[in-house]
Each structure stands twice: as C-alpha cells, then as structure tokens.
file target.cif (mmCIF, C-alpha atoms)
data_run
loop_
_atom_site.label_atom_id
_atom_site.label_comp_id
_atom_site.auth_asym_id
_atom_site.auth_seq_id
_atom_site.Cartn_x
_atom_site.Cartn_y
_atom_site.Cartn_z
CA MET A 307 -0.33 13.11 -7.12
CA LYS A 308 0.50 9.55 -6.10
CA ARG A 309 0.71 8.40 -2.46
CA VAL A 310 2.08 4.99 -1.41
CA PHE A 311 1.25 3.22 1.86
CA LYS A 312 3.43 0.17 2.58
CA TYR A 313 2.27 -2.80 4.62
CA ARG A 314 4.21 -3.55 7.80
CA PHE A 315 3.94 -6.90 9.55
CA ASN A 316 3.50 -6.88 13.30
CA ARG A 317 5.06 -9.39 15.67
CA LYS A 318 1.90 -11.53 15.94
CA THR A 319 1.68 -12.00 12.16
CA LEU A 320 5.34 -12.96 11.91
CA LEU A 321 5.04 -15.44 14.81
CA LEU A 322 1.93 -17.02 13.24
CA SER A 323 3.77 -17.33 9.92
CA VAL A 324 6.73 -19.07 11.56
CA LEU A 325 4.34 -21.33 13.48
CA TYR A 326 2.54 -22.35 10.27
CA LEU A 327 5.84 -23.09 8.54
CA VAL A 328 7.09 -25.19 11.49
CA VAL A 329 3.84 -27.19 11.67
CA LEU A 330 3.91 -27.86 7.91
CA ALA A 331 7.58 -28.85 8.03
CA LEU A 332 6.98 -31.22 10.97
CA ALA A 333 3.97 -32.79 9.24
CA GLY A 334 5.99 -33.24 6.04
CA ALA A 335 8.95 -34.73 7.90
CA GLY A 336 6.63 -37.05 9.84
CA LEU A 337 4.91 -38.29 6.68
CA HIS A 338 8.24 -38.77 4.95
CA ARG A 339 9.54 -40.77 7.92
CA LEU A 340 6.40 -42.93 8.10
CA TYR A 341 5.96 -43.50 4.38
CA ILE A 342 9.44 -43.60 2.89
CA GLY A 343 9.13 -43.75 -0.87
CA GLY A 344 5.33 -43.73 -0.74
CA TYR A 345 3.07 -41.58 -2.82
CA LEU A 346 1.38 -40.04 0.25
CA SER A 347 4.46 -38.16 1.43
CA ALA A 348 5.27 -36.96 -2.10
CA TRP A 349 1.66 -35.86 -2.61
CA PHE A 350 1.63 -33.99 0.70
CA LEU A 351 4.94 -32.23 0.04
CA THR A 352 3.82 -31.20 -3.44
CA LEU A 353 0.49 -29.89 -2.13
CA VAL A 354 2.14 -27.95 0.70
CA GLY A 355 4.76 -26.52 -1.66
CA ALA A 356 2.08 -25.32 -4.08
CA LEU A 357 -0.02 -23.89 -1.23
CA VAL A 358 2.92 -21.99 0.27
CA ALA A 359 3.87 -20.62 -3.17
CA LEU A 360 0.29 -19.52 -3.84
CA MET A 361 0.02 -17.86 -0.44
CA ALA A 362 3.38 -16.13 -0.86
CA LEU A 363 2.33 -14.66 -4.21
CA SER A 364 -0.82 -13.21 -2.62
CA ILE A 365 0.90 -11.32 0.22
CA PRO A 366 -0.22 -7.67 0.19
CA ARG A 367 2.71 -5.27 -0.31
CA LYS A 368 1.37 -1.71 -0.64
CA ILE A 369 -1.59 0.55 -1.28
CA VAL A 370 -1.12 3.13 -4.02
CA VAL A 371 -3.53 6.06 -4.09
CA LYS A 372 -3.60 7.78 -7.48
CA PRO A 373 -5.87 10.63 -8.62
CA ALA A 374 -8.25 8.25 -10.40
CA THR A 375 -7.72 4.87 -8.68
CA VAL A 376 -6.71 3.05 -5.53
CA GLU A 377 -4.46 0.06 -6.17
CA ILE A 378 -3.86 -2.70 -3.65
CA LEU A 379 -0.71 -4.42 -4.80
CA CYS A 380 0.28 -7.95 -3.85
CA LEU A 381 3.34 -9.81 -5.11
CA LEU A 382 1.39 -11.16 -8.08
CA ASP A 383 -2.11 -9.71 -7.85
CA MET A 384 -3.39 -6.15 -8.15
CA THR A 385 -6.84 -4.95 -7.09
CA GLU A 386 -7.86 -1.64 -8.60
CA ILE A 387 -10.76 0.42 -7.25
CA PRO A 388 -11.74 3.54 -9.21
CA ARG A 389 -11.96 6.43 -6.73
CA ILE A 390 -15.19 7.63 -8.30
CA GLU A 391 -16.76 4.28 -7.29
CA ILE A 392 -15.84 4.56 -3.59
CA ALA A 393 -19.03 5.05 -1.59
CA SER A 394 -17.57 5.17 1.92
CA VAL A 395 -14.33 4.86 3.83
CA GLN A 396 -14.10 4.34 7.57
CA ARG A 397 -11.85 3.02 10.30
CA VAL A 398 -12.70 -0.42 11.71
CA GLU A 399 -11.96 -1.59 15.23
CA PRO A 400 -10.41 -5.06 15.66
CA ARG A 401 -13.39 -6.21 17.78
CA GLN A 402 -15.65 -5.68 14.75
CA MET A 403 -13.54 -8.18 12.82
CA ARG A 404 -14.29 -10.94 15.33
CA TRP A 405 -17.15 -12.16 13.17
CA VAL A 406 -15.12 -12.26 9.97
CA ILE A 407 -13.70 -15.71 9.14
CA PRO A 408 -11.63 -16.85 6.15
CA LEU A 409 -13.36 -18.59 3.26
CA LEU A 410 -10.49 -18.75 0.80
CA GLY A 411 -7.32 -17.06 1.91
CA SER A 412 -4.80 -16.72 4.66
CA TYR A 413 -5.28 -16.16 8.36
CA GLY A 414 -1.90 -15.12 9.67
CA PHE A 415 0.42 -16.66 7.07
CA PHE A 416 2.33 -13.48 6.22
CA GLY A 417 -0.85 -11.49 6.70
CA TYR A 418 -4.59 -11.79 6.42
CA TYR A 419 -5.80 -11.75 2.85
CA GLY A 420 -8.32 -13.35 0.57
CA TYR A 421 -12.07 -13.85 0.66
CA TYR A 422 -13.64 -13.82 4.10
CA LEU A 423 -17.21 -14.29 5.34
CA ASP A 424 -18.80 -11.73 7.64
CA LEU A 425 -20.99 -13.84 9.91
CA LYS A 426 -23.10 -10.87 11.04
CA SER A 427 -24.31 -9.95 7.57
CA PHE A 428 -23.45 -13.20 5.72
CA GLU A 429 -21.61 -11.25 3.06
CA ARG A 430 -18.37 -12.04 1.32
CA VAL A 431 -15.69 -9.42 2.00
CA ILE A 432 -12.16 -9.04 0.67
CA VAL A 433 -9.34 -8.57 3.16
CA TYR A 434 -5.82 -7.27 2.43
CA ALA A 435 -4.22 -6.81 5.85
CA SER A 436 -0.90 -7.38 7.51
CA GLU A 437 -2.40 -7.03 11.00
CA TRP A 438 -5.79 -6.78 12.71
CA ARG A 439 -5.08 -3.22 13.85
CA ASN A 440 -5.35 0.01 11.86
CA LEU A 441 -8.02 -1.46 9.60
CA VAL A 442 -9.84 0.64 7.03
CA GLU A 443 -13.08 -0.43 5.37
CA ILE A 444 -13.57 0.69 1.78
CA VAL A 445 -17.07 0.17 0.36
CA ASP A 446 -17.65 0.74 -3.34
CA ILE A 447 -20.91 1.67 -5.07
CA TYR A 448 -21.57 -2.02 -5.76
CA GLU A 449 -21.50 -2.65 -1.98
CA GLN A 450 -18.32 -4.70 -2.17
CA ARG A 451 -16.38 -4.30 1.08
CA TYR A 452 -12.59 -4.24 1.19
CA TYR A 453 -10.63 -4.27 4.45
CA VAL A 454 -7.06 -3.03 4.31
CA SER A 455 -4.58 -2.38 7.10
CA CYS A 456 -2.50 0.75 7.07
CA THR A 457 -0.26 2.20 9.78
CA GLU A 458 -1.29 5.67 8.55
CA ALA A 459 -5.00 4.85 8.52
CA ASP A 460 -6.24 8.38 9.20
CA GLU A 461 -4.23 9.78 6.29
CA LEU A 462 -5.53 7.04 3.97
CA ILE A 463 -9.11 7.77 5.04
CA ALA A 464 -8.64 11.49 4.45
CA LEU A 465 -7.30 10.83 0.95
CA LEU A 466 -10.11 8.44 -0.02
CA ARG A 467 -13.15 10.20 1.40
CA PRO A 468 -15.55 11.35 -1.30
CA GLU A 469 -15.16 15.11 -1.52
CA THR A 470 -18.43 16.72 -0.56
CA ALA A 471 -17.02 20.20 -1.20
CA ALA A 472 -16.67 19.50 -4.93
CA SER A 473 -20.31 18.51 -5.37
CA PRO A 474 -21.95 21.91 -4.66
CA GLU A 475 -19.46 23.67 -6.92
CA THR A 476 -20.22 21.41 -9.85
CA GLU A 477 -23.99 21.63 -9.49
CA PRO A 478 -24.34 25.40 -10.26
CA SER A 479 -22.13 25.06 -13.32
CA ALA A 480 -24.22 22.14 -14.49
CA GLN A 481 -27.38 24.17 -13.95
CA ALA A 482 -25.88 27.11 -15.85
CA THR A 483 -25.13 24.94 -18.84
CA ASP A 484 -28.66 23.46 -18.75
CA ASN A 485 -30.28 26.93 -18.88
CA THR A 486 -28.42 27.99 -22.04
#

call {"tool": "encode", "arguments": {"input": "target.cif", "output": "structure tokens"}}
result
Amino acid sequence: MKRVFKYRFNRKTLLLSVLYLVVLALAGAGLHRLYIGGYLSAWFLTLVGALVALMALSIPRKIVVKPATVEILCLLDMTEIPRIEIASVQRVEPRQMRWVIPLLGSYGFFGYYGYYLDLKSFERVIVYASEWRNLVEIVDIYEQRYYVSCTEADELIALLRPETAASPETEPSAQATDNT
C-alpha cells in the first residue's frame, strides 16, 4: 500500500522566498544600472539565474511511503530510504533545530532543504522541509539523519516506526527451522 504526504508551504516560507527574490532582483538591477554593458552585471545575472534554477529544482514536493521504501521527491531529485534500514523515527520540536545551520542548501527559499550542520553534535544532516514545524527525524542504520516536514507528522511516524510486533513472531519460526 502506497501513502503520499504532500509538502505545504507556510506563510513564513513564502514571505522569505519573495524577500529573497526581491533582494536578488534589486541587486541585479543595481549592478546593471552601475555597470551598463560590463561583464560584472552579466556575470552576476548569470550566477543568480543558475542559482535560482538549481534551488527551484531541489524544492521538496512529497514523501511517498511504499511497503519497501520511503521516497522523498523533489522536482529533480529523489532520495530513497529502504524501510528495513530505518533505525528510528521521531518528532522534532522547532527549538531543537535552532542549532542546525545550512552548509549547502536553502534556508527559506521555497523551503529548507539541502545539507545542514548540527552544531551540537557536529554532524552533517539532510533536511527536506517546507517549514520548521511538524518536523520528523528519520535515522537510518548508518546513522544518517534526515529531517522532513509533514503536516500529518503523527501518521508518518506511525507508518515508519519499525514494527516490534513482527520481530517476536519471526524468531520462533526461525528457531523452528534451525532445529530441523
């Protein structure tokens, strides 16, 4: 059975995105006005255009939970986590994310995504969020941490939790096959 969780942008994320676009447009217009026909304004506009295109292609769109995998889909990128490799899933409060800063990614430009640094543990984490609320931390068996935002966080956590009820049932059958 497949379950899809779509990302929804909150007002703060949309306002930050508009603010970034306005600042970049004003900087580009100012450089163009100061350096008409110069290479600096053309270089800046090309760099900003490529950066905006790269950021837009990395915007998280949805989380798809399948029987064997969890897929985090962006416009161009897809991160796939095998469900058997998920060690823990838990809800994260926004105050815990205070110490997480972007290394390579976006902070508010149509979401929060990319590689971030957790200053408390000095570990690299991967963030796919549209807001700093309703965050879920997924840790795999390799200790890679993923932070995703989901408006239905409790349902996502319930779907992804490792099933402890299945383990005792499989152990007696495994012991029975070993004895024969």

call {"tool": "residues_around", "arguments": {"input": "target.cif", "residues": "range 419-435 of chain A", "least_positions_apart": "3", "cutoff": "6 Å", "atoms": "all atoms listed in the file", "output": "list in words"}}
result
Trp405, Val406, Ile407, Pro408, Leu409, Leu410, Gly411, Ser412, Arg451, Tyr452, Tyr453, Val454 and Ser455 of chain A

call {"tool": "residues_around", "arguments": {"input": "target.cif", "residues": "Leu441 in chain A", "least_positions_apart": "4", "cutoff": "12 Å", "atoms": "only C-alpha atoms", "output": "compact mmCIF listing (two decimals) with C-alpha atoms, in the coordinates of the input"}}
result
# COMPACT_ATOMS: atom_id res chain seq x y z
CA TYR A 313 2.27 -2.80 4.62
CA VAL A 395 -14.33 4.86 3.83
CA GLN A 396 -14.10 4.34 7.57
CA ARG A 397 -11.85 3.02 10.30
CA VAL A 398 -12.70 -0.42 11.71
CA GLU A 399 -11.96 -1.59 15.23
CA PRO A 400 -10.41 -5.06 15.66
CA ARG A 401 -13.39 -6.21 17.78
CA GLN A 402 -15.65 -5.68 14.75
CA MET A 403 -13.54 -8.18 12.82
CA TYR A 418 -4.59 -11.79 6.42
CA VAL A 433 -9.34 -8.57 3.16
CA TYR A 434 -5.82 -7.27 2.43
CA ALA A 435 -4.22 -6.81 5.85
CA SER A 436 -0.90 -7.38 7.51
CA GLU A 437 -2.40 -7.03 11.00
CA TYR A 452 -12.59 -4.24 1.19
CA TYR A 453 -10.63 -4.27 4.45
CA VAL A 454 -7.06 -3.03 4.31
CA SER A 455 -4.58 -2.38 7.10
CA CYS A 456 -2.50 0.75 7.07
CA THR A 457 -0.26 2.20 9.78
CA GLU A 458 -1.29 5.67 8.55
CA ALA A 459 -5.00 4.85 8.52
CA ASP A 460 -6.24 8.38 9.20
CA LEU A 462 -5.53 7.04 3.97
CA ILE A 463 -9.11 7.77 5.04

call {"tool": "resolve_selection", "arguments": {"input": "target.cif", "expression": "the PyMOL selection byres ((chain A and resi 324-334) around 12)", "output": "NGL selection string"}}
result
:A and (317-323 or 335-342 or 346-355 or 357-358 or 361-362 or 412-417)

call {"tool": "resolve_selection", "arguments": {"input": "target.cif", "expression": "the PyMOL selection byres ((chain A and resi 394) around 8)", "output": "NGL selection string"}}
result
:A and (392-393 or 395-396 or 443-446 or 467-468)

call {"tool": "closest_residue", "arguments": {"input": "target.cif", "among": "A:Phe311, A:Val442, A:Ile390, A:Leu360", "to": "Ile378 in chain A", "atoms": "only C-alpha atoms"}}
result
A:Phe311

call {"tool": "resolve_selection", "arguments": {"input": "target.cif", "expression": "the PyMOL selection byres ((chain A and resi 386) around 12)", "output": "ChimeraX atom specification"}}
result
/A:369-372,374-380,383-385,387-392,446,452

call {"tool": "decode", "arguments": {"input": "target.cif", "residues": "range 341-355 of chain A", "atoms": "all heavy atoms", "output": "PDB file, in the first residue's frame"}}
result
ATOM      1  N   TYR A 341      26.905  49.276 -13.912  1.00  0.00           N
ATOM      2  CA  TYR A 341      27.873  48.760 -14.872  1.00  0.00           C
ATOM      3  C   TYR A 341      27.163  48.387 -16.169  1.00  0.00           C
ATOM      4  O   TYR A 341      27.105  47.221 -16.544  1.00  0.00           O
ATOM      5  CB  TYR A 341      28.583  47.527 -14.312  1.00  0.00           C
ATOM      6  CG  TYR A 341      29.347  47.786 -13.054  1.00  0.00           C
ATOM      7  CD1 TYR A 341      28.868  47.351 -11.831  1.00  0.00           C
ATOM      8  CD2 TYR A 341      30.554  48.475 -13.090  1.00  0.00           C
ATOM      9  CE1 TYR A 341      29.569  47.600 -10.661  1.00  0.00           C
ATOM     10  CE2 TYR A 341      31.258  48.727 -11.934  1.00  0.00           C
ATOM     11  CZ  TYR A 341      30.764  48.293 -10.726  1.00  0.00           C
ATOM     12  OH  TYR A 341      31.458  48.544  -9.575  1.00  0.00           O
ATOM     13  N   ILE A 342      26.673  49.351 -16.873  1.00  0.00           N
ATOM     14  CA  ILE A 342      25.958  49.086 -18.122  1.00  0.00           C
ATOM     15  C   ILE A 342      26.948  48.521 -19.139  1.00  0.00           C
ATOM     16  O   ILE A 342      27.980  49.122 -19.437  1.00  0.00           O
ATOM     17  CB  ILE A 342      25.293  50.368 -18.666  1.00  0.00           C
ATOM     18  CG1 ILE A 342      24.219  50.818 -17.690  1.00  0.00           C
ATOM     19  CG2 ILE A 342      24.708  50.126 -20.053  1.00  0.00           C
ATOM     20  CD1 ILE A 342      23.559  52.117 -18.064  1.00  0.00           C
ATOM     21  N   GLY A 343      26.619  47.331 -19.634  1.00  0.00           N
ATOM     22  CA  GLY A 343      27.463  46.705 -20.635  1.00  0.00           C
ATOM     23  C   GLY A 343      28.710  46.057 -20.079  1.00  0.00           C
ATOM     24  O   GLY A 343      29.521  45.538 -20.834  1.00  0.00           O
ATOM     25  N   GLY A 344      28.889  46.064 -18.781  1.00  0.00           N
ATOM     26  CA  GLY A 344      30.082  45.480 -18.180  1.00  0.00           C
ATOM     27  C   GLY A 344      29.910  43.988 -17.937  1.00  0.00           C
ATOM     28  O   GLY A 344      28.806  43.453 -17.920  1.00  0.00           O
ATOM     29  N   TYR A 345      31.015  43.324 -17.754  1.00  0.00           N
ATOM     30  CA  TYR A 345      30.976  41.888 -17.519  1.00  0.00           C
ATOM     31  C   TYR A 345      30.461  41.547 -16.121  1.00  0.00           C
ATOM     32  O   TYR A 345      29.920  40.478 -15.903  1.00  0.00           O
ATOM     33  CB  TYR A 345      32.359  41.270 -17.728  1.00  0.00           C
ATOM     34  CG  TYR A 345      33.346  41.592 -16.641  1.00  0.00           C
ATOM     35  CD1 TYR A 345      33.493  40.739 -15.556  1.00  0.00           C
ATOM     36  CD2 TYR A 345      34.118  42.748 -16.681  1.00  0.00           C
ATOM     37  CE1 TYR A 345      34.384  41.028 -14.541  1.00  0.00           C
ATOM     38  CE2 TYR A 345      35.005  43.043 -15.672  1.00  0.00           C
ATOM     39  CZ  TYR A 345      35.135  42.190 -14.616  1.00  0.00           C
ATOM     40  OH  TYR A 345      36.007  42.479 -13.611  1.00  0.00           O
ATOM     41  N   LEU A 346      30.621  42.461 -15.149  1.00  0.00           N
ATOM     42  CA  LEU A 346      30.213  42.180 -13.778  1.00  0.00           C
ATOM     43  C   LEU A 346      28.709  41.982 -13.661  1.00  0.00           C
ATOM     44  O   LEU A 346      28.243  41.047 -13.017  1.00  0.00           O
ATOM     45  CB  LEU A 346      30.682  43.306 -12.856  1.00  0.00           C
ATOM     46  CG  LEU A 346      30.501  43.054 -11.364  1.00  0.00           C
ATOM     47  CD1 LEU A 346      31.272  41.812 -10.940  1.00  0.00           C
ATOM     48  CD2 LEU A 346      30.963  44.262 -10.560  1.00  0.00           C
ATOM     49  N   SER A 347      27.930  42.819 -14.307  1.00  0.00           N
ATOM     50  CA  SER A 347      26.474  42.675 -14.224  1.00  0.00           C
ATOM     51  C   SER A 347      26.018  41.408 -14.959  1.00  0.00           C
ATOM     52  O   SER A 347      25.127  40.703 -14.479  1.00  0.00           O
ATOM     53  CB  SER A 347      25.771  43.907 -14.783  1.00  0.00           C
ATOM     54  OG  SER A 347      26.109  44.116 -16.141  1.00  0.00           O
ATOM     55  N   ALA A 348      26.627  41.104 -16.089  1.00  0.00           N
ATOM     56  CA  ALA A 348      26.266  39.887 -16.820  1.00  0.00           C
ATOM     57  C   ALA A 348      26.662  38.646 -16.017  1.00  0.00           C
ATOM     58  O   ALA A 348      25.906  37.673 -15.956  1.00  0.00           O
ATOM     59  CB  ALA A 348      26.943  39.866 -18.181  1.00  0.00           C
ATOM     60  N   TRP A 349      27.816  38.681 -15.386  1.00  0.00           N
ATOM     61  CA  TRP A 349      28.267  37.563 -14.562  1.00  0.00           C
ATOM     62  C   TRP A 349      27.319  37.346 -13.397  1.00  0.00           C
ATOM     63  O   TRP A 349      26.935  36.222 -13.099  1.00  0.00           O
ATOM     64  CB  TRP A 349      29.681  37.843 -14.080  1.00  0.00           C
ATOM     65  CG  TRP A 349      30.219  36.788 -13.177  1.00  0.00           C
ATOM     66  CD1 TRP A 349      30.794  35.614 -13.538  1.00  0.00           C
ATOM     67  CD2 TRP A 349      30.206  36.810 -11.747  1.00  0.00           C
ATOM     68  NE1 TRP A 349      31.150  34.897 -12.424  1.00  0.00           N
ATOM     69  CE2 TRP A 349      30.798  35.606 -11.305  1.00  0.00           C
ATOM     70  CE3 TRP A 349      29.765  37.723 -10.804  1.00  0.00           C
ATOM     71  CZ2 TRP A 349      30.948  35.305  -9.971  1.00  0.00           C
ATOM     72  CZ3 TRP A 349      29.916  37.413  -9.475  1.00  0.00           C
ATOM     73  CH2 TRP A 349      30.505  36.214  -9.070  1.00  0.00           C
ATOM     74  N   PHE A 350      26.938  38.446 -12.722  1.00  0.00           N
ATOM     75  CA  PHE A 350      26.049  38.346 -11.569  1.00  0.00           C
ATOM     76  C   PHE A 350      24.685  37.799 -11.978  1.00  0.00           C
ATOM     77  O   PHE A 350      24.141  36.907 -11.319  1.00  0.00           O
ATOM     78  CB  PHE A 350      25.884  39.720 -10.898  1.00  0.00           C
ATOM     79  CG  PHE A 350      24.945  39.696  -9.729  1.00  0.00           C
ATOM     80  CD1 PHE A 350      25.347  39.193  -8.508  1.00  0.00           C
ATOM     81  CD2 PHE A 350      23.643  40.166  -9.853  1.00  0.00           C
ATOM     82  CE1 PHE A 350      24.482  39.164  -7.431  1.00  0.00           C
ATOM     83  CE2 PHE A 350      22.769  40.138  -8.794  1.00  0.00           C
ATOM     84  CZ  PHE A 350      23.194  39.634  -7.576  1.00  0.00           C
ATOM     85  N   LEU A 351      24.120  38.309 -13.060  1.00  0.00           N
ATOM     86  CA  LEU A 351      22.804  37.843 -13.505  1.00  0.00           C
ATOM     87  C   LEU A 351      22.839  36.368 -13.911  1.00  0.00           C
ATOM     88  O   LEU A 351      21.906  35.615 -13.632  1.00  0.00           O
ATOM     89  CB  LEU A 351      22.286  38.709 -14.650  1.00  0.00           C
ATOM     90  CG  LEU A 351      21.897  40.141 -14.267  1.00  0.00           C
ATOM     91  CD1 LEU A 351      21.528  40.944 -15.507  1.00  0.00           C
ATOM     92  CD2 LEU A 351      20.781  40.143 -13.258  1.00  0.00           C
ATOM     93  N   THR A 352      23.909  35.941 -14.548  1.00  0.00           N
ATOM     94  CA  THR A 352      24.044  34.542 -14.922  1.00  0.00           C
ATOM     95  C   THR A 352      24.174  33.659 -13.682  1.00  0.00           C
ATOM     96  O   THR A 352      23.537  32.605 -13.589  1.00  0.00           O
ATOM     97  CB  THR A 352      25.271  34.345 -15.826  1.00  0.00           C
ATOM     98  OG1 THR A 352      25.139  35.195 -16.968  1.00  0.00           O
ATOM     99  CG2 THR A 352      25.411  32.912 -16.270  1.00  0.00           C
ATOM    100  N   LEU A 353      24.972  34.079 -12.722  1.00  0.00           N
ATOM    101  CA  LEU A 353      25.147  33.322 -11.491  1.00  0.00           C
ATOM    102  C   LEU A 353      23.838  33.232 -10.705  1.00  0.00           C
ATOM    103  O   LEU A 353      23.458  32.158 -10.243  1.00  0.00           O
ATOM    104  CB  LEU A 353      26.235  33.959 -10.624  1.00  0.00           C
ATOM    105  CG  LEU A 353      26.518  33.252  -9.296  1.00  0.00           C
ATOM    106  CD1 LEU A 353      27.159  31.894  -9.558  1.00  0.00           C
ATOM    107  CD2 LEU A 353      27.417  34.107  -8.424  1.00  0.00           C
ATOM    108  N   VAL A 354      23.126  34.326 -10.578  1.00  0.00           N
ATOM    109  CA  VAL A 354      21.856  34.330  -9.854  1.00  0.00           C
ATOM    110  C   VAL A 354      20.820  33.474 -10.575  1.00  0.00           C
ATOM    111  O   VAL A 354      20.083  32.713  -9.956  1.00  0.00           O
ATOM    112  CB  VAL A 354      21.346  35.774  -9.641  1.00  0.00           C
ATOM    113  CG1 VAL A 354      19.899  35.793  -9.188  1.00  0.00           C
ATOM    114  CG2 VAL A 354      22.228  36.493  -8.646  1.00  0.00           C
ATOM    115  N   GLY A 355      20.786  33.564 -11.896  1.00  0.00           N
ATOM    116  CA  GLY A 355      19.848  32.732 -12.667  1.00  0.00           C
ATOM    117  C   GLY A 355      20.115  31.253 -12.485  1.00  0.00           C
ATOM    118  O   GLY A 355      19.188  30.460 -12.287  1.00  0.00           O
TER     119      GLY A 355
END
